[in-house]
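Undergrad: I'd like to ask some things about the structure below.
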Amino acid sequence: MSTVMQKIKDIEDEMARTQKNKATAHHLGLLKAKLAKLRRELLEPTTKGGGGAGEGFDVTKSGDARVGLVGFPSVGKSTLLNKLTGTFSEVASYEFTTLTCIPGVITYRGAKIQLLDLPGIIEGAKDGKGRGRQVISTARTCNCILIVLDAIKPITHKRLIEKELEGFGIRLNKEPPNLTFRKKDKGGINFTSTVTNTHLDLDTVKAICSEYRIHNADITLRYDATADDLIDVIEGSRIYMPCIYAVNKIDQITLEELEILDKLPHYCPVSVMLIWNGTLMACWNKIWEYLNLTRIYTKPKGMNPDYEDPVILSSKRRKVEDFCNRIHKDMLKQFKYALVWGSSVKHKPQRVGKEHELEDEDVVQIIKKV
Ligand SMILES: Nc1nc2c(ncn2[C@@H]2O[C@H](COP(=O)(O)OP(=O)(O)OP(=O)(O)O)[C@@H](O)[C@H]2O)c(=O)[nH]1
Ligand SMILES: [K+]
Ligand SMILES: [Mg+2]
């Protein structure tokens, strides 16, 4: 293991030494690919002990969505879990108070949301320092990450935490790269782009591919992709996740400092001090926005819709068939059509098939075959 980490360090050092220009682009691409491969090696569970690398904490997923609190020690993760969910997780002024994963669940706007308090991580966590790998593996199972920052600590901490998560294959507030990569049997590397690209050229693409022993492939870019984007696609197993930066302890800073923080994208100021308690509500609103859940109310025939207990779908899987599968595993077999009321349709109600995409707060009645 230490040898893999040493190799990672060597490559990182070499990258830092290498000047970025057109002539070195393909060499840097090659180094990036090597780095990605080594990181994957680190994450793969080994049979030779090593304590189950890449495994998270053994906390059962429950509810409709999972949100993880990630950050350096003593930034106030446990305090936030307690205040946001009414759970109990130990709080203290010393670092590494929390040593395991503590879940809390609340019902928010009809959805059950599981919030996970996690031990603090330190720089180098992704490479095996502390419980970092376990923390970040658990973060990978979440639907949204709350990076908790301490308002009185340097803002550079934000980038350090991001790097730990990125090194573990988590991509924050980013869409999967819009490029196609198709391996084939012969014909060499065929590289086309529908836009002008400033990061990748044929040489760099070839260098990256050769590192993966890929000599024949069609690659098409539909945007100005970077070497990292291409490596992400070749590597696969990347997780694209919404992330909120919860800057805690804002009771400790001045209004001028708060105004500077306000410019951070994806940011939410918080404080657990009583007079600032409105910030916790604002934080839930932000979590709700970033989870982007779809609430569907069921309407049994001849009855009023059930507004108390919506079926919760994710923004990516919200077709009528997804709704059916959530009600009962055999529902689709009996499905004839659905009647829908709400913003996804023009008429009230409208008859739709199982491919129809539902919107938040739609009302659905399933009509079965007789
Ligand atoms: N002033 C102020 N102090 C806070 C706030 N939130 C938390 N704290 C204090 O910060 C310290 C650390 O809080 P914890 O909740 O234990 O922090 P943590 O991130 O869970 O720490 P570890 O589990 O050790 O990683 C405690 O002394 C808290 O009382 C806040 O909003 N304002
Ligand atoms: K603490
Ligand atoms: Mg804690």
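Letters for chains follow the order of the structure tokens (A, B, ...), residue numbers begin at 1 for each chain, and ligand numbers begin at 1 in the order shown.
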Please write out the residues within 8 Å of ligand 2 as number ranges by chain, counting only C-alpha atoms and all ligand atoms.

TA: A: 73-76, 78, 91-98

Undergrad: Find the spatial neighbours of Arg131 in chain A, counting only C-alpha atoms, within a cut-off of 8 Å - ignore same-chain residues fewer than 3 positions away - and output them as a PyMOL selection string.

TA: chain A and resi 119+121+125+128+134-135

Undergrad: Give me the residues within 9 Å of range 220-234 of chain A as a ChimeraX atom specification, counting only C-alpha atoms and dropping any in the same chain fewer than 3 places off.

TA: /A:25-26,28-30,32-33,36,169,176-182,190-200,204-205,208-209,212,237-238

Undergrad: Can you tell me how far CA of Ala217 in chain A sits from CA of Gly188 in chain A, in Å to one decimal?

TA: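 Separation of CA of Ala217 in chain A and CA of Gly188 in chain A: 6.4 Å.
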
Undergrad: List the spatial neighbours of range 137-148 of chain A as a list in words - criterion: any atom at most 6 Å away, only C-alpha atoms, same-chain residues fewer than 3 positions off excluded.

TA: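 Here the answer would be Gly54, Glu55, Gly56, Arg66, Val67, Gly68, Leu69, Val70, Gly71, Arg133, Gln134, Met241, Pro242, Cys243, Ile244, Tyr245, Ala246 and Val247 of chain A.
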
Undergrad: With C-alpha atoms retained, export the selected residues as a compact mmCIF listing (two decimals), in the first residue's frame.

TA:
```txt
# COMPACT_ATOMS: atom_id res chain seq x y z
CA GLY A 54 -13.18 1.53 0.26
CA GLU A 55 -15.82 0.37 2.72
CA GLY A 56 -18.05 2.84 4.49
CA ARG A 66 -29.41 10.49 2.37
CA VAL A 67 -27.36 13.60 3.17
CA GLY A 68 -23.81 13.43 4.58
CA LEU A 69 -22.02 15.99 6.76
CA VAL A 70 -18.36 16.14 5.77
CA GLY A 71 -15.66 18.44 7.11
CA ARG A 133 -11.47 6.57 3.56
CA GLN A 134 -14.39 5.19 5.58
CA MET A 241 -23.46 14.66 -6.53
CA PRO A 242 -25.02 17.95 -5.45
CA CYS A 243 -23.07 19.67 -2.69
CA ILE A 244 -23.85 22.54 -0.32
CA TYR A 245 -21.18 24.47 1.56
CA ALA A 246 -22.61 25.01 5.03
CA VAL A 247 -20.48 27.71 6.62
```
